[in-house]
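**Q** Quick one: structure below, then a few questions.
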Amino acid sequence: MGKNVTLFDGPGVDSTKAPIENVLELTPVVDIGPDVFTNTRPLWHPPGARGIYGGAAIAQSLSAAMRTVPSDFAVHSMHCYFVLAGDSQIPILYHVERVRDGRSFITRTVQARQRGRPIFTTTLSFSRANSGGKKKLEHAALKPDIAMPDETSSLSARKRLENEGGGGPFESHRAGIVNRASNPEDKRMRRFVRARGHISDDGGHQAHLSALAYITDSYFIGTVSRVHDVPRFSSPEELQKVLNALKNPSDLDDEDIARALKELKEEETTELRRRLEGALSKAMGKPEEHKEVGMMVSLDHSIYFHNPWAFRADEWMLIEMESPWAGEGRGLAIQKIWSKDGVLVATCTQEGVVRLKQDEPPRSKI
């Protein structure tokens, strides 16, 4: 018998809920405490990654915290630290601490543990709806003037994937690069994202917030290397092998959403092939200038939820990512997320370790 990857025997998939709701479902662990929860279903370990997909810990911690606050409060900020790589073969226990309950704001901390050790920790703040008063200051960054994906074509692609039993809990499509020829700090990477299926009414706005939190970790820290056009391959030979196969193009761009990129349109796959061919030529033609990512790991992740009731995570959203700084083996990425109606839903930041493979010969152990 294999390991028990969940603490309890998980129920079957609930067809009345969206895939992302099933993925993020929690089970209370009342024998340990009133505010302790565990993952109901196994968690995803992306190919080549050190541990579980970080978005799962973010989203399930948010979900656990939301279970301890009144429904008229919504999260407005969440500050996370990735402490250790999560093991997908071991259940996670989410311990919620009720730090403060005020009239307008509520504070919670959540610690995710495996084998008694913290692997992830976050502090969240919730605000009461309409507590800002009638008079208030308001402004928001405008959504870029870009057309959202065609619902008809994306619907047919979604049904095709569902019939084939493929696809992850959310979809992602490229939306172009702004200032492609500019300096790294001036580039903007855009994508369209949404949760698959229809998020149930029973899930309420909490389900949409958890789904959004899950999605925010995808492609994020990879922005640091992408604005430098640095590929994530171990060698030109491996790049050539992948170029010939292209069986899992998502691993080429960002390991975190392997299944999501299966839904790329024909022209997007062609664009990926052209980019890889250019990177391969550069790597083989000028090996002295070749740069490869040796290590890329998220350290922290913050989400500012601006309009928690003004979006649906199962409708197309536009995300725009940039990297204002990189150095000292680290990099910073920022992303803005707009709803299809142009509402600025959230702003996120993430810092991570981004180290290149070095040309130095191996050092003596002596």
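Labels used: A, B, ... for chains in the order of the structure tokens, numbers from 1 for residues in each chain, and numbers from 1 for ligands as shown.
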Would you mind listing what lies within 12 Å of segment 352-359 of chain A as a ChimeraX atom specification, with only C-alpha atoms counted and same-chain residues fewer than 5 positions away left out?

**A** /A:81-83,217,220-226,228,230-235,287-301,323,325-334

**Q** Store the residues picked out above in a file with N, CA and C atoms, as a compact mmCIF listing (two decimals), in the first residue's frame.

**A**
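Output saved as again.txt:
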# COMPACT_ATOMS: atom_id res chain seq x y z
N TYR A 81 4.77 33.65 3.29
CA TYR A 81 6.16 33.23 3.18
C TYR A 81 6.21 31.72 2.94
N PHE A 82 6.98 31.35 1.92
CA PHE A 82 7.21 29.93 1.65
C PHE A 82 8.43 29.51 2.46
N VAL A 83 8.21 28.66 3.45
CA VAL A 83 9.28 28.30 4.39
C VAL A 83 10.02 27.05 3.94
N ASP A 217 -0.20 32.57 -8.30
CA ASP A 217 1.17 32.07 -8.17
C ASP A 217 1.71 31.52 -9.49
N PHE A 220 4.46 33.59 -12.06
CA PHE A 220 4.77 34.86 -11.41
C PHE A 220 6.27 35.13 -11.31
N ILE A 221 7.00 34.35 -10.50
CA ILE A 221 8.43 34.62 -10.32
C ILE A 221 9.19 34.39 -11.62
N GLY A 222 8.64 33.58 -12.52
CA GLY A 222 9.27 33.37 -13.82
C GLY A 222 9.36 34.63 -14.65
N THR A 223 8.59 35.66 -14.28
CA THR A 223 8.65 36.94 -14.98
C THR A 223 10.07 37.49 -14.95
N VAL A 224 10.78 37.27 -13.85
CA VAL A 224 12.13 37.83 -13.68
C VAL A 224 13.06 37.34 -14.78
N SER A 225 13.01 36.06 -15.10
CA SER A 225 13.88 35.54 -16.16
C SER A 225 13.32 35.84 -17.55
N ARG A 226 12.00 35.86 -17.68
CA ARG A 226 11.42 36.09 -19.00
C ARG A 226 11.68 37.49 -19.53
N HIS A 228 14.31 39.01 -19.25
CA HIS A 228 15.70 38.95 -19.74
C HIS A 228 15.84 37.98 -20.91
N VAL A 230 15.77 34.88 -20.77
CA VAL A 230 16.63 33.78 -20.32
C VAL A 230 15.79 32.51 -20.24
N PRO A 231 16.16 31.48 -20.98
CA PRO A 231 15.38 30.23 -20.98
C PRO A 231 15.63 29.42 -19.71
N ARG A 232 14.71 28.53 -19.45
CA ARG A 232 14.83 27.67 -18.27
C ARG A 232 15.16 26.24 -18.72
N PHE A 233 16.35 26.07 -19.32
CA PHE A 233 16.77 24.76 -19.82
C PHE A 233 18.16 24.44 -19.30
N SER A 234 18.43 23.19 -19.12
CA SER A 234 19.71 22.78 -18.55
C SER A 234 20.83 22.81 -19.58
N SER A 235 20.51 22.70 -20.88
CA SER A 235 21.54 22.68 -21.91
C SER A 235 20.90 22.87 -23.28
N PRO A 287 28.20 30.42 -27.03
CA PRO A 287 28.10 29.77 -25.73
C PRO A 287 28.59 30.64 -24.58
N GLU A 288 29.52 31.59 -24.90
CA GLU A 288 30.05 32.42 -23.83
C GLU A 288 28.99 33.39 -23.29
N GLU A 289 27.93 33.65 -24.07
CA GLU A 289 26.89 34.55 -23.62
C GLU A 289 25.65 33.81 -23.13
N HIS A 290 25.71 32.52 -23.15
CA HIS A 290 24.54 31.72 -22.78
C HIS A 290 24.24 31.85 -21.29
N LYS A 291 22.99 32.11 -20.99
CA LYS A 291 22.54 32.23 -19.61
C LYS A 291 21.43 31.23 -19.36
N GLU A 292 21.51 30.53 -18.25
CA GLU A 292 20.47 29.58 -17.87
C GLU A 292 20.11 29.76 -16.40
N VAL A 293 18.84 29.59 -16.11
CA VAL A 293 18.40 29.64 -14.72
C VAL A 293 18.85 28.37 -14.02
N GLY A 294 19.58 28.55 -12.94
CA GLY A 294 20.02 27.39 -12.17
C GLY A 294 19.08 27.09 -11.02
N MET A 295 18.45 28.13 -10.48
CA MET A 295 17.54 27.97 -9.35
C MET A 295 16.52 29.09 -9.37
N MET A 296 15.27 28.72 -9.22
CA MET A 296 14.19 29.72 -9.17
C MET A 296 13.16 29.25 -8.15
N VAL A 297 13.09 29.93 -7.02
CA VAL A 297 12.21 29.54 -5.93
C VAL A 297 11.55 30.77 -5.33
N SER A 298 10.26 30.71 -5.13
CA SER A 298 9.54 31.83 -4.51
C SER A 298 9.87 31.91 -3.03
N LEU A 299 10.08 33.13 -2.54
CA LEU A 299 10.34 33.35 -1.12
C LEU A 299 9.10 33.88 -0.40
N ASP A 300 8.44 34.85 -1.01
CA ASP A 300 7.25 35.42 -0.38
C ASP A 300 6.24 35.80 -1.46
N HIS A 301 5.03 36.09 -1.03
CA HIS A 301 3.94 36.36 -1.96
C HIS A 301 2.91 37.21 -1.23
N SER A 323 8.77 43.13 -13.82
CA SER A 323 9.81 42.94 -12.82
C SER A 323 10.64 44.22 -12.73
N TRP A 325 12.91 45.00 -10.59
CA TRP A 325 14.27 44.85 -10.03
C TRP A 325 14.67 43.38 -9.97
N ALA A 326 15.98 43.15 -10.20
CA ALA A 326 16.59 41.84 -9.95
C ALA A 326 18.06 42.08 -9.60
N GLY A 327 18.57 41.32 -8.67
CA GLY A 327 19.97 41.44 -8.26
C GLY A 327 20.23 40.61 -7.03
N GLU A 328 21.50 40.38 -6.74
CA GLU A 328 21.89 39.62 -5.55
C GLU A 328 21.26 38.24 -5.51
N GLY A 329 21.03 37.67 -6.70
CA GLY A 329 20.45 36.33 -6.74
C GLY A 329 18.97 36.28 -6.42
N ARG A 330 18.30 37.45 -6.42
CA ARG A 330 16.87 37.51 -6.17
C ARG A 330 16.20 38.36 -7.24
N GLY A 331 14.89 38.28 -7.31
CA GLY A 331 14.14 39.09 -8.26
C GLY A 331 12.77 39.41 -7.70
N LEU A 332 12.22 40.55 -8.12
CA LEU A 332 10.91 40.99 -7.67
C LEU A 332 9.96 41.05 -8.86
N ALA A 333 8.76 40.54 -8.68
CA ALA A 333 7.74 40.59 -9.72
C ALA A 333 6.47 41.21 -9.16
N ILE A 334 5.77 41.94 -10.01
CA ILE A 334 4.52 42.60 -9.64
C ILE A 334 3.48 42.25 -10.69

**Q** I need the strand (DSSP E or B) residues of segment 48-223 of chain A per DSSP on the backbone, written as number ranges by chain.

**A** A: 73-82, 93-101, 105-114, 117-128, 170-178, 188-195

**Q** Using only C-alpha atoms, tabulate the residues of segment 14-110 of chain A lying at most 10 Å from any atom of segment 302-315 of chain A, each with its closest atom pair and that distance in Å to one decimal, by chain and increasing residue number, as JSON lines.

**A**
{"residue": "A:Ala18", "atom": "CA", "partner": "A:Asp314", "partner_atom": "CA", "distance": 8.6}
{"residue": "A:Ile20", "atom": "CA", "partner": "A:Asp314", "partner_atom": "CA", "distance": 9.6}
{"residue": "A:Ile58", "atom": "CA", "partner": "A:Ser302", "partner_atom": "CA", "distance": 9.7}
{"residue": "A:Phe73", "atom": "CA", "partner": "A:Pro308", "partner_atom": "CA", "distance": 9.8}
{"residue": "A:Ala74", "atom": "CA", "partner": "A:Pro308", "partner_atom": "CA", "distance": 6.6}
{"residue": "A:Val75", "atom": "CA", "partner": "A:Phe305", "partner_atom": "CA", "distance": 6.7}
{"residue": "A:His76", "atom": "CA", "partner": "A:Phe305", "partner_atom": "CA", "distance": 4.6}
{"residue": "A:Ser77", "atom": "CA", "partner": "A:Tyr304", "partner_atom": "CA", "distance": 4.5}
{"residue": "A:Met78", "atom": "CA", "partner": "A:Ile303", "partner_atom": "CA", "distance": 5.2}
{"residue": "A:His79", "atom": "CA", "partner": "A:Ser302", "partner_atom": "CA", "distance": 4.4}
{"residue": "A:Cys80", "atom": "CA", "partner": "A:Ser302", "partner_atom": "CA", "distance": 5.9}
{"residue": "A:Tyr81", "atom": "CA", "partner": "A:Ser302", "partner_atom": "CA", "distance": 8.7}

**Q** How many Å separate atom CA of Leu142 of chain A from atom CA of Ile319 of chain A?

**A**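 For atom CA of Leu142 of chain A relative to atom CA of Ile319 of chain A, the distance reads 12.1 Å.
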
**Q** Looking at only C-alpha atoms, which of A:Gly51, A:Pro28, A:Pro149, A:Gly10 is the one that sits closest to His173 of chain A?

**A**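 Looking at the shortest contact to His173 of chain A, the residue is A:Pro149.
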
**Q** Which residues are close to Asp35 of chain A, i.e. within 10 Å by only C-alpha atoms, leaving aside same-chain residues fewer than 4 positions away? Reply as a ChimeraX atom specification.

**A** /A:28-30,64-65,67-68,94-98,110

**Q** How about saving the chosen residues, N, CA, C and O atoms kept, as a PDB file, in the first residue's frame?

**A**
ATOM      1  N   PRO A  28     -12.300  19.839   8.021  1.00  0.00           N
ATOM      2  CA  PRO A  28     -11.960  20.201   9.403  1.00  0.00           C
ATOM      3  C   PRO A  28     -11.340  19.014  10.143  1.00  0.00           C
ATOM      4  O   PRO A  28     -11.736  17.869   9.941  1.00  0.00           O
ATOM      5  N   VAL A  29     -10.381  19.298  10.997  1.00  0.00           N
ATOM      6  CA  VAL A  29      -9.755  18.266  11.832  1.00  0.00           C
ATOM      7  C   VAL A  29     -10.105  18.605  13.279  1.00  0.00           C
ATOM      8  O   VAL A  29      -9.303  19.176  14.032  1.00  0.00           O
ATOM      9  N   VAL A  30     -11.316  18.267  13.669  1.00  0.00           N
ATOM     10  CA  VAL A  30     -11.841  18.683  14.972  1.00  0.00           C
ATOM     11  C   VAL A  30     -11.124  17.997  16.127  1.00  0.00           C
ATOM     12  O   VAL A  30     -11.136  18.501  17.254  1.00  0.00           O
ATOM     13  N   ALA A  64      -9.091  28.486   4.629  1.00  0.00           N
ATOM     14  CA  ALA A  64      -9.183  28.140   6.049  1.00  0.00           C
ATOM     15  C   ALA A  64      -9.470  29.375   6.891  1.00  0.00           C
ATOM     16  O   ALA A  64     -10.305  29.354   7.801  1.00  0.00           O
ATOM     17  N   ALA A  65      -8.776  30.473   6.592  1.00  0.00           N
ATOM     18  CA  ALA A  65      -8.986  31.702   7.366  1.00  0.00           C
ATOM     19  C   ALA A  65     -10.400  32.237   7.178  1.00  0.00           C
ATOM     20  O   ALA A  65     -11.028  32.712   8.135  1.00  0.00           O
ATOM     21  N   ARG A  67     -13.060  30.706   6.808  1.00  0.00           N
ATOM     22  CA  ARG A  67     -14.043  29.937   7.573  1.00  0.00           C
ATOM     23  C   ARG A  67     -14.197  30.451   9.000  1.00  0.00           C
ATOM     24  O   ARG A  67     -15.111  30.042   9.707  1.00  0.00           O
ATOM     25  N   THR A  68     -13.288  31.319   9.427  1.00  0.00           N
ATOM     26  CA  THR A  68     -13.325  31.808  10.814  1.00  0.00           C
ATOM     27  C   THR A  68     -13.777  33.258  10.918  1.00  0.00           C
ATOM     28  O   THR A  68     -13.701  33.839  12.000  1.00  0.00           O
ATOM     29  N   TYR A  94      -3.607  22.918   8.271  1.00  0.00           N
ATOM     30  CA  TYR A  94      -3.671  24.379   8.287  1.00  0.00           C
ATOM     31  C   TYR A  94      -4.197  24.832   9.643  1.00  0.00           C
ATOM     32  O   TYR A  94      -5.358  24.573   9.990  1.00  0.00           O
ATOM     33  N   HIS A  95      -3.345  25.494  10.419  1.00  0.00           N
ATOM     34  CA  HIS A  95      -3.707  25.977  11.749  1.00  0.00           C
ATOM     35  C   HIS A  95      -4.013  27.471  11.673  1.00  0.00           C
ATOM     36  O   HIS A  95      -3.137  28.277  11.347  1.00  0.00           O
ATOM     37  N   VAL A  96      -5.246  27.840  11.994  1.00  0.00           N
ATOM     38  CA  VAL A  96      -5.664  29.243  11.948  1.00  0.00           C
ATOM     39  C   VAL A  96      -5.618  29.834  13.348  1.00  0.00           C
ATOM     40  O   VAL A  96      -6.128  29.229  14.305  1.00  0.00           O
ATOM     41  N   GLU A  97      -5.013  30.991  13.473  1.00  0.00           N
ATOM     42  CA  GLU A  97      -5.001  31.708  14.755  1.00  0.00           C
ATOM     43  C   GLU A  97      -5.836  32.974  14.618  1.00  0.00           C
ATOM     44  O   GLU A  97      -5.616  33.789  13.710  1.00  0.00           O
ATOM     45  N   ARG A  98      -6.785  33.145  15.532  1.00  0.00           N
ATOM     46  CA  ARG A  98      -7.645  34.334  15.532  1.00  0.00           C
ATOM     47  C   ARG A  98      -6.919  35.439  16.287  1.00  0.00           C
ATOM     48  O   ARG A  98      -7.043  35.558  17.520  1.00  0.00           O
ATOM     49  N   VAL A 110      -2.275  32.047   9.472  1.00  0.00           N
ATOM     50  CA  VAL A 110      -2.427  30.624   9.146  1.00  0.00           C
ATOM     51  C   VAL A 110      -1.042  30.032   8.963  1.00  0.00           C
ATOM     52  O   VAL A 110      -0.192  30.614   8.280  1.00  0.00           O
TER      53      VAL A 110
END

**Q** Let me make sure I understand: among A:Ser61, A:Thr347, A:Ser218, A:Ser172, which one has the smallest atom-to-atom distance to Ala195 of chain A if we use only C-alpha atoms?

**A** A:Ser172

**Q** Between A:Ile337, A:Leu62, A:Leu318, A:Val36, which is the closest to Thr122 of chain A once you count only C-alpha atoms?

**A** A:Leu62

**Q** Can you tell me how far atom CA of Gly168 of chain A sits from atom CA of Arg180 of chain A, in Å to one decimal?

**A** 28.9 Å
